[in-house]
file work03.pdb (PDB, C-alpha atoms)
MODEL        1
ATOM      1  CA  MET A 130      18.388  27.021 -36.952
ATOM      2  CA  SER A 131      20.746  29.703 -35.730
ATOM      3  CA  LEU A 132      22.340  29.472 -32.327
ATOM      4  CA  ASP A 133      22.833  32.278 -29.858
ATOM      5  CA  PRO A 134      26.364  32.554 -28.400
ATOM      6  CA  PHE A 135      25.367  30.559 -25.341
ATOM      7  CA  GLY A 136      24.109  27.803 -27.621
ATOM      8  CA  VAL A 137      27.553  27.596 -29.230
ATOM      9  CA  VAL A 138      29.147  27.270 -25.790
ATOM     10  CA  VAL A 139      26.690  24.521 -24.901
ATOM     11  CA  VAL A 140      27.490  22.614 -28.093
ATOM     12  CA  VAL A 141      31.240  22.826 -27.412
ATOM     13  CA  CYS A 142      30.740  21.672 -23.819
ATOM     14  CA  ALA A 143      28.540  18.806 -24.972
ATOM     15  CA  GLY A 144      31.250  17.712 -27.386
ATOM     16  CA  LEU A 145      33.884  17.728 -24.647
ATOM     17  CA  LEU A 146      31.639  15.771 -22.287
ATOM     18  CA  THR A 147      30.850  13.230 -24.987
ATOM     19  CA  ALA A 148      34.551  12.717 -25.618
ATOM     20  CA  THR A 149      35.084  12.244 -21.878
ATOM     21  CA  ALA A 150      32.333   9.648 -21.682
ATOM     22  CA  LEU A 151      33.724   7.775 -24.660
ATOM     23  CA  MET A 152      37.213   7.707 -23.171
ATOM     24  CA  ALA A 153      35.818   6.492 -19.855
ATOM     25  CA  LEU A 154      33.989   3.702 -21.678
ATOM     26  CA  LEU A 155      37.205   2.839 -23.501
ATOM     27  CA  ARG A 156      39.033   2.507 -20.193
ATOM     28  CA  ALA A 157      36.180   0.486 -18.730
ATOM     29  CA  GLU A 158      36.430  -1.930 -21.626
ATOM     30  CA  ARG A 159      40.222  -2.110 -21.697
ATOM     31  CA  GLY A 160      41.197  -1.566 -18.072
ATOM     32  CA  PRO A 161      43.527  -4.325 -16.971
ATOM     33  CA  SER A 162      42.076  -4.627 -13.490
ATOM     34  CA  MET A 163      38.672  -4.304 -11.886
ATOM     35  CA  LEU A 164      39.724  -1.151 -10.032
ATOM     36  CA  ASP A 165      40.569   0.637 -13.282
ATOM     37  CA  ARG A 166      37.066  -0.148 -14.456
ATOM     38  CA  THR A 167      35.490   1.214 -11.296
ATOM     39  CA  ILE A 168      37.443   4.442 -11.732
ATOM     40  CA  ALA A 169      36.235   4.668 -15.316
ATOM     41  CA  LEU A 170      32.629   4.145 -14.260
ATOM     42  CA  ASP A 171      33.087   6.786 -11.576
ATOM     43  CA  ILE A 172      34.211   9.291 -14.184
ATOM     44  CA  LEU A 173      31.301   8.245 -16.376
ATOM     45  CA  ALA A 174      28.857   9.028 -13.548
ATOM     46  CA  SER A 175      30.472  12.424 -12.995
ATOM     47  CA  THR A 176      30.258  13.102 -16.724
ATOM     48  CA  ILE A 177      26.554  12.298 -16.681
ATOM     49  CA  VAL A 178      26.117  14.753 -13.804
ATOM     50  CA  GLY A 179      27.935  17.364 -15.880
ATOM     51  CA  ALA A 180      25.791  16.645 -18.930
ATOM     52  CA  ILE A 181      22.547  16.990 -16.984
ATOM     53  CA  ALA A 182      23.814  20.242 -15.462
ATOM     54  CA  LEU A 183      24.686  21.485 -18.948
ATOM     55  CA  GLU A 184      21.223  20.696 -20.228
ATOM     56  CA  ALA A 185      19.659  22.434 -17.240
ATOM     57  CA  ALA A 186      21.824  25.488 -17.882
ATOM     58  CA  TRP A 187      20.853  25.520 -21.535
ATOM     59  CA  SER A 188      17.086  25.365 -21.046
ATOM     60  CA  ARG A 189      17.004  27.056 -17.618
ATOM     61  CA  ARG A 190      14.950  24.233 -16.199
ATOM     62  CA  ILE A 191      15.212  23.284 -12.554
ATOM     63  CA  ASP A 192      13.334  20.005 -12.413
ATOM     64  CA  THR A 193      16.430  17.958 -13.252
ATOM     65  CA  VAL A 194      18.496  19.342 -10.379
ATOM     66  CA  PRO A 195      17.315  16.649  -7.880
ATOM     67  CA  ILE A 196      18.725  14.058 -10.278
ATOM     68  CA  LEU A 197      22.109  15.730  -9.860
ATOM     69  CA  VAL A 198      21.888  15.403  -6.091
ATOM     70  CA  VAL A 199      21.001  11.723  -6.282
ATOM     71  CA  LEU A 200      23.729  10.943  -8.816
ATOM     72  CA  ALA A 201      26.347  12.791  -6.775
ATOM     73  CA  LEU A 202      25.306  10.764  -3.728
ATOM     74  CA  VAL A 203      25.108   7.270  -5.154
ATOM     75  CA  GLY A 204      27.756   7.607  -7.855
ATOM     76  CA  PHE A 205      30.524   6.479  -5.543
ATOM     77  CA  VAL A 206      28.749   3.525  -3.925
ATOM     78  CA  GLY A 207      29.651   1.135  -6.709
ATOM     79  CA  SER A 208      33.368   1.843  -6.718
ATOM     80  CA  VAL A 209      33.627   1.770  -2.923
ATOM     81  CA  THR A 210      31.834  -1.580  -2.824
ATOM     82  CA  ILE A 211      34.039  -3.096  -5.502
ATOM     83  CA  ALA A 212      37.170  -1.690  -3.889
ATOM     84  CA  ARG A 213      36.138  -3.225  -0.590
ATOM     85  CA  PHE A 214      35.941  -6.669  -2.110
ATOM     86  CA  ALA A 215      38.837  -6.383  -4.553
ATOM     87  CA  SER A 216      41.113  -9.380  -4.560
ATOM     88  CA  VAL A 217      44.211 -10.504  -6.383
ATOM     89  CA  GLU A 218      43.190 -11.279  -9.917
ATOM     90  CA  PRO A 219      45.012 -13.889 -11.949
ATOM     91  CA  GLU A 220      47.016 -12.642 -14.890
ATOM     92  CA  GLY A 221      45.010 -12.405 -18.079
ATOM     93  CA  GLU A 222      41.698 -12.632 -16.285
ATOM     94  CA  GLY A 223      40.789  -9.015 -16.905
ATOM     95  CA  ARG A 224      40.348  -9.063 -20.641
ATOM     96  CA  ILE A 225      37.454  -9.894 -22.883
ATOM     97  CA  LEU A 226      37.840 -13.210 -24.656
ATOM     98  CA  THR A 227      37.668 -13.372 -28.408
ATOM     99  CA  ARG A 228      34.930 -15.259 -30.172
ATOM    100  CA  GLU A 229      37.160 -18.231 -30.989
ATOM    101  CA  GLU A 230      38.343 -18.594 -27.399
ATOM    102  CA  ILE A 231      34.769 -18.573 -26.132
ATOM    103  CA  ALA A 232      33.770 -21.184 -28.722
ATOM    104  CA  ALA A 233      36.711 -23.390 -27.722
ATOM    105  CA  GLN A 234      35.875 -23.084 -24.022
ATOM    106  CA  GLU A 235      32.217 -23.780 -24.651
ATOM    107  CA  SER A 236      32.832 -26.893 -26.748
ATOM    108  CA  ALA A 237      35.287 -28.198 -24.138
ATOM    109  CA  ARG A 238      32.691 -27.647 -21.429
ATOM    110  CA  LEU A 239      29.981 -29.418 -23.437
ATOM    111  CA  ALA A 240      32.274 -32.362 -24.153
ATOM    112  CA  ALA A 241      33.112 -32.656 -20.457
ATOM    113  CA  GLU A 242      29.416 -32.568 -19.555
ATOM    114  CA  ASP A 243      28.591 -35.245 -22.075
ATOM    115  CA  ALA A 244      31.414 -37.470 -20.851
ATOM    116  CA  GLU A 245      30.259 -37.041 -17.270
ATOM    117  CA  ARG A 246      26.657 -37.857 -18.105
ATOM    118  CA  VAL A 247      27.589 -40.976 -20.038
ATOM    119  CA  SER A 248      29.859 -42.156 -17.256
ATOM    120  CA  THR A 249      27.412 -41.561 -14.398
ATOM    121  CA  ASP A 250      23.913 -42.154 -15.793
ATOM    122  CA  PRO A 251      23.041 -45.828 -16.470
ATOM    123  CA  GLU A 252      19.795 -44.794 -18.138
ATOM    124  CA  ASP A 253      21.563 -42.674 -20.712
ATOM    125  CA  HIS A 254      21.785 -44.361 -24.079
ATOM    126  CA  GLY A 255      23.093 -41.357 -25.941
ATOM    127  CA  GLY A 256      21.199 -38.661 -27.720
ATOM    128  CA  GLY A 257      18.804 -36.128 -26.298
ATOM    129  CA  ALA A 258      15.098 -36.425 -25.593
ATOM    130  CA  GLN A 259      12.958 -36.933 -28.669
ATOM    131  CA  GLY A 260       9.295 -36.520 -29.384
ATOM    132  CA  GLU A 261       7.095 -34.086 -27.591
ATOM    133  CA  VAL A 262       5.509 -34.046 -24.164
ATOM    134  CA  LYS A 263       1.704 -34.057 -24.201
ATOM    135  CA  GLU A 264      -0.313 -32.638 -21.402
TER     136      GLU A 264
ATOM    137  CA  MET B  78      27.227  39.557 -18.346
ATOM    138  CA  ILE B  79      26.079  36.830 -15.977
ATOM    139  CA  ASP B  80      25.599  34.566 -18.962
ATOM    140  CA  VAL B  81      29.162  35.177 -20.097
ATOM    141  CA  LEU B  82      30.448  34.182 -16.665
ATOM    142  CA  ALA B  83      28.242  31.105 -16.705
ATOM    143  CA  ALA B  84      29.501  30.177 -20.158
ATOM    144  CA  VAL B  85      33.122  30.540 -19.043
ATOM    145  CA  CYS B  86      32.469  28.334 -16.010
ATOM    146  CA  LEU B  87      30.706  25.680 -18.076
ATOM    147  CA  LEU B  88      33.495  25.675 -20.647
ATOM    148  CA  GLY B  89      36.153  25.381 -17.969
ATOM    149  CA  GLY B  90      34.282  22.574 -16.271
ATOM    150  CA  SER B  91      33.842  20.654 -19.489
ATOM    151  CA  PHE B  92      37.491  21.110 -20.348
ATOM    152  CA  LEU B  93      38.617  19.786 -16.971
ATOM    153  CA  SER B  94      36.270  16.852 -17.391
ATOM    154  CA  PHE B  95      37.797  16.241 -20.816
ATOM    155  CA  ALA B  96      41.252  16.373 -19.248
ATOM    156  CA  ALA B  97      40.162  13.749 -16.741
ATOM    157  CA  GLY B  98      38.959  11.486 -19.530
ATOM    158  CA  MET B  99      42.181  12.014 -21.447
ATOM    159  CA  GLY B 100      44.263  11.121 -18.407
ATOM    160  CA  LEU B 101      42.121   8.078 -17.793
ATOM    161  CA  THR B 102      42.918   6.835 -21.269
ATOM    162  CA  ARG B 103      46.592   7.671 -21.428
ATOM    163  CA  PHE B 104      48.032   7.287 -17.923
ATOM    164  CA  PRO B 105      50.016   4.121 -17.295
ATOM    165  CA  ASP B 106      48.891   2.754 -13.942
ATOM    166  CA  LEU B 107      46.138   2.643 -11.365
ATOM    167  CA  LEU B 108      47.320   5.422  -9.062
ATOM    168  CA  SER B 109      47.757   8.022 -11.792
ATOM    169  CA  ARG B 110      44.357   7.136 -13.264
ATOM    170  CA  MET B 111      42.878   7.535  -9.810
ATOM    171  CA  HIS B 112      44.487  10.952  -9.640
ATOM    172  CA  THR B 113      42.658  12.042 -12.790
ATOM    173  CA  ALA B 114      39.410  10.606 -11.457
ATOM    174  CA  THR B 115      39.567  12.768  -8.357
ATOM    175  CA  LYS B 116      41.261  16.100  -8.935
ATOM    176  CA  PRO B 117      40.300  17.407 -12.405
ATOM    177  CA  GLN B 118      36.961  15.654 -12.332
ATOM    178  CA  VAL B 119      35.840  17.175  -9.036
ATOM    179  CA  LEU B 120      37.080  20.653  -9.928
ATOM    180  CA  GLY B 121      35.359  20.410 -13.304
ATOM    181  CA  LEU B 122      32.105  19.388 -11.695
ATOM    182  CA  LEU B 123      32.345  22.260  -9.208
ATOM    183  CA  LEU B 124      32.913  24.719 -12.051
ATOM    184  CA  MET B 125      29.910  23.333 -13.907
ATOM    185  CA  MET B 126      27.795  23.710 -10.777
ATOM    186  CA  VAL B 127      28.913  27.340 -10.453
ATOM    187  CA  GLY B 128      28.019  27.905 -14.080
ATOM    188  CA  LEU B 129      24.619  26.316 -13.625
ATOM    189  CA  ALA B 130      23.985  28.398 -10.497
ATOM    190  CA  LEU B 131      24.885  31.600 -12.348
ATOM    191  CA  ARG B 132      22.584  30.623 -15.177
ATOM    192  CA  LEU B 133      19.623  29.684 -13.000
ATOM    193  CA  GLY B 134      19.825  32.823 -10.886
ATOM    194  CA  ASN B 135      19.051  32.817  -7.216
ATOM    195  CA  GLY B 136      16.376  30.775  -5.566
ATOM    196  CA  PRO B 137      15.907  27.719  -3.411
ATOM    197  CA  ILE B 138      17.413  25.562  -6.145
ATOM    198  CA  LEU B 139      20.860  26.951  -5.301
ATOM    199  CA  SER B 140      20.939  25.034  -2.016
ATOM    200  CA  MET B 141      20.542  21.839  -4.003
ATOM    201  CA  LEU B 142      23.508  22.753  -6.201
ATOM    202  CA  VAL B 143      25.571  23.435  -3.086
ATOM    203  CA  LEU B 144      24.495  20.004  -1.886
ATOM    204  CA  VAL B 145      25.705  18.416  -5.128
ATOM    205  CA  ALA B 146      29.114  20.068  -4.791
ATOM    206  CA  LEU B 147      29.302  19.068  -1.139
ATOM    207  CA  PHE B 148      28.476  15.439  -1.841
ATOM    208  CA  GLN B 149      31.013  15.317  -4.615
ATOM    209  CA  MET B 150      33.755  16.703  -2.396
ATOM    210  CA  LEU B 151      32.711  14.334   0.383
ATOM    211  CA  THR B 152      32.520  11.112  -1.595
ATOM    212  CA  SER B 153      35.440  11.559  -3.978
ATOM    213  CA  PRO B 154      38.205  11.281  -1.331
ATOM    214  CA  VAL B 155      36.511   8.248   0.238
ATOM    215  CA  ASP B 156      36.339   6.638  -3.150
ATOM    216  CA  ALA B 157      39.961   7.402  -3.989
ATOM    217  CA  HIS B 158      41.135   6.174  -0.612
ATOM    218  CA  MET B 159      39.307   2.876  -0.936
ATOM    219  CA  VAL B 160      40.518   2.292  -4.480
ATOM    220  CA  ALA B 161      44.110   3.146  -3.613
ATOM    221  CA  ARG B 162      44.090   0.898  -0.559
ATOM    222  CA  ALA B 163      42.612  -2.014  -2.484
ATOM    223  CA  GLY B 164      45.075  -1.414  -5.311
ATOM    224  CA  TYR B 165      48.067  -1.383  -2.968
ATOM    225  CA  ARG B 166      46.948  -4.503  -1.155
ATOM    226  CA  THR B 167      46.304  -6.482  -4.295
ATOM    227  CA  GLY B 168      49.592  -5.431  -5.843
ATOM    228  CA  LYS B 169      48.341  -3.220  -8.654
ATOM    229  CA  VAL B 170      50.698  -0.361  -7.824
ATOM    230  CA  ARG B 171      53.662  -0.193 -10.154
ATOM    231  CA  ASN B 172      56.664   0.404  -7.952
ATOM    232  CA  ASP B 173      58.905   1.480 -10.808
ATOM    233  CA  LEU B 174      56.713   4.540 -11.424
ATOM    234  CA  LEU B 175      56.690   5.744  -7.827
ATOM    235  CA  VAL B 176      58.997   8.571  -6.824
ATOM    236  CA  VAL B 177      58.639   7.876  -3.120
ATOM    237  CA  ASP B 178      56.898   4.957  -1.454
ATOM    238  CA  GLU B 179      56.662   5.710   2.242
ATOM    239  CA  LEU B 180      54.032   3.082   2.974
ATOM    240  CA  THR B 181      56.211   0.145   1.917
ATOM    241  CA  ARG B 182      59.203   1.592   3.768
ATOM    242  CA  ASP B 183      57.216   2.115   6.956
ATOM    243  CA  LEU B 184      55.631  -1.310   6.733
ATOM    244  CA  GLU B 185      59.034  -2.928   6.403
ATOM    245  CA  ALA B 186      60.391  -0.902   9.317
ATOM    246  CA  ALA B 187      57.393  -1.843  11.449
ATOM    247  CA  ARG B 188      57.771  -5.487  10.524
ATOM    248  CA  ALA B 189      61.480  -5.448  11.386
ATOM    249  CA  ALA B 190      60.765  -3.763  14.736
ATOM    250  CA  ALA B 191      58.065  -6.280  15.543
ATOM    251  CA  GLY B 192      60.400  -9.105  14.627
ATOM    252  CA  GLU B 193      63.091  -7.808  16.987
ATOM    253  CA  GLN B 194      60.647  -7.413  19.814
ATOM    254  CA  GLU B 195      59.378 -10.950  19.874
ATOM    255  CA  ASP B 196      61.315 -13.415  17.830
ATOM    256  CA  ASP B 197      58.978 -16.327  18.333
ATOM    257  CA  ALA B 198      55.923 -14.409  17.173
ATOM    258  CA  GLU B 199      54.447 -15.573  13.899
ATOM    259  CA  PRO B 200      54.972 -13.271  10.936
ATOM    260  CA  ASP B 201      51.899 -11.166  10.518
ATOM    261  CA  ASP B 202      49.673 -11.017   7.493
ATOM    262  CA  GLU B 203      50.613  -8.975   4.439
ATOM    263  CA  GLU B 204      49.846  -5.408   5.484
ATOM    264  CA  PRO B 205      48.462  -5.198   8.999
ATOM    265  CA  ALA B 206      48.289  -1.415   9.171
ATOM    266  CA  ALA B 207      47.686  -0.189   5.630
ATOM    267  CA  GLY B 208      44.852   2.224   6.197
ATOM    268  CA  THR B 209      42.064   1.387   8.545
TER     269      THR B 209
ENDMDL
END
call {"tool": "encode", "arguments": {"input": "work03.pdb", "output": "structure tokens"}}
result
Amino acid sequence: MSLDPFGVVVVVCAGLLTATALMALLRAERGPSMLDRTIALDILASTIVGAIALEAAWSRRIDTVPILVVLALVGFVGSVTIARFASVEPEGEGRILTREEIAAQESARLAAEDAERVSTDPEDHGGGAQGEVKE
Amino acid sequence: MIDVLAAVCLLGGSFLSFAAGMGLTRFPDLLSRMHTATKPQVLGLLLMMVGLALRLGNGPILSMLVLVALFQMLTSPVDAHMVARAGYRTGKVRNDLLVVDELTRDLEAARAAAGEQEDDAEPDDEEPAAGT
């Protein structure tokens, strides 16, 4: 399939917009604070607006233009809301835990739950429920 | 001819958007990232809207594109203001990167003046007058 010159321009623009979206996602994943993530999501919304506009320009269709209006209107609501309720975050809170850390936290939580149940429930003789419930 | 203009606008818009993404990835702190999220991003989106308008020709759809540009220019400063205010109040602004920090200076001056005026008054909360 051969492209007309405008098609080449559209492909280049699509590549640039894709790179932008990927970098915004990278910042949203890595961003040290919640506000960095909201900024990244803001840019992602703007990039989606740009991509829809690019597609509309390529195929000369006008039925996607209302989507642009809606996205431009509501794109900022999320970041304004989060910024309104932003608070001081503890150090190290804003990163994604590794698999081992999650496993360690989860096993500690389960052990604490078990200890609490044994210490508070006189009916508990250890072990979970066995057999099946018949209706 | 119109298509060439539209193509130039779309390319420019995409490039500015790309610049915004690049700045978002590489800039060191919240305020500079916010800067990329507002200035290049909005200008890029406006350019893309101009390109789309040139490509679609005239018609009632153009008013919708104007609306998109208007909303973007209306909401982006609000967004940036809120994020910057929240960032300053929760201490995410890196002071060593700032060239001039008039807000902190003014807040300290205001606090000192208030302290002179009534000595027995309780010290106010963190930033009583940062924004609205």
call {"tool": "interface_residues", "arguments": {"input": "work03.pdb", "of": "chain A", "to": "chain B", "cutoff": "7 Å", "atoms": "only C-alpha atoms", "output": "MDAnalysis selection string"}}
result
chainID A and resid 135 138 142 145:146 148:149 152:153 156 164:165 168 172 179 182 186 189 197:198 201:202 205 208:209 212:213 215:217
call {"tool": "resolve_selection", "arguments": {"input": "work03.pdb", "expression": "the PyMOL selection byres ((chain A and resi 157) around 8)", "output": "MDAnalysis selection string"}}
result
chainID A and resid 153:156 158:160 165:167 169:170
call {"tool": "write_last_selection", "arguments": {"input": "work03.pdb", "atoms": "C-alpha atoms", "output": "PDB file, in the frame of the given file"}}
result
ATOM      1  CA  ALA A 153      35.818   6.492 -19.855  1.00  0.00           C
ATOM      2  CA  LEU A 154      33.989   3.702 -21.678  1.00  0.00           C
ATOM      3  CA  LEU A 155      37.205   2.839 -23.501  1.00  0.00           C
ATOM      4  CA  ARG A 156      39.033   2.507 -20.193  1.00  0.00           C
ATOM      5  CA  GLU A 158      36.430  -1.930 -21.626  1.00  0.00           C
ATOM      6  CA  ARG A 159      40.222  -2.110 -21.697  1.00  0.00           C
ATOM      7  CA  GLY A 160      41.197  -1.566 -18.072  1.00  0.00           C
ATOM      8  CA  ASP A 165      40.569   0.637 -13.282  1.00  0.00           C
ATOM      9  CA  ARG A 166      37.066  -0.148 -14.456  1.00  0.00           C
ATOM     10  CA  THR A 167      35.490   1.214 -11.296  1.00  0.00           C
ATOM     11  CA  ALA A 169      36.235   4.668 -15.316  1.00  0.00           C
ATOM     12  CA  LEU A 170      32.629   4.145 -14.260  1.00  0.00           C
TER      13      LEU A 170
END
call {"tool": "atom_distance", "arguments": {"input": "work03.pdb", "atom1": "atom CA of A:Leu183", "atom2": "atom CA of A:Val139"}}
result
7.0 Å
call {"tool": "atom_distance", "arguments": {"input": "work03.pdb", "atom1": "atom CA of A:Met163", "atom2": "atom CA of A:Glu229"}}
result
23.7 Å
call {"tool": "atom_distance", "arguments": {"input": "work03.pdb", "atom1": "atom CA of A:Thr147", "atom2": "atom CA of A:Ser175"}}
result
12.0 Å
call {"tool": "closest_residue", "arguments": {"input": "work03.pdb", "among": "A:Val247, A:Leu226, A:Ala174, A:Ala180", "to": "A:Gly204", "atoms": "all atoms listed in the file"}}
result
A:Ala174
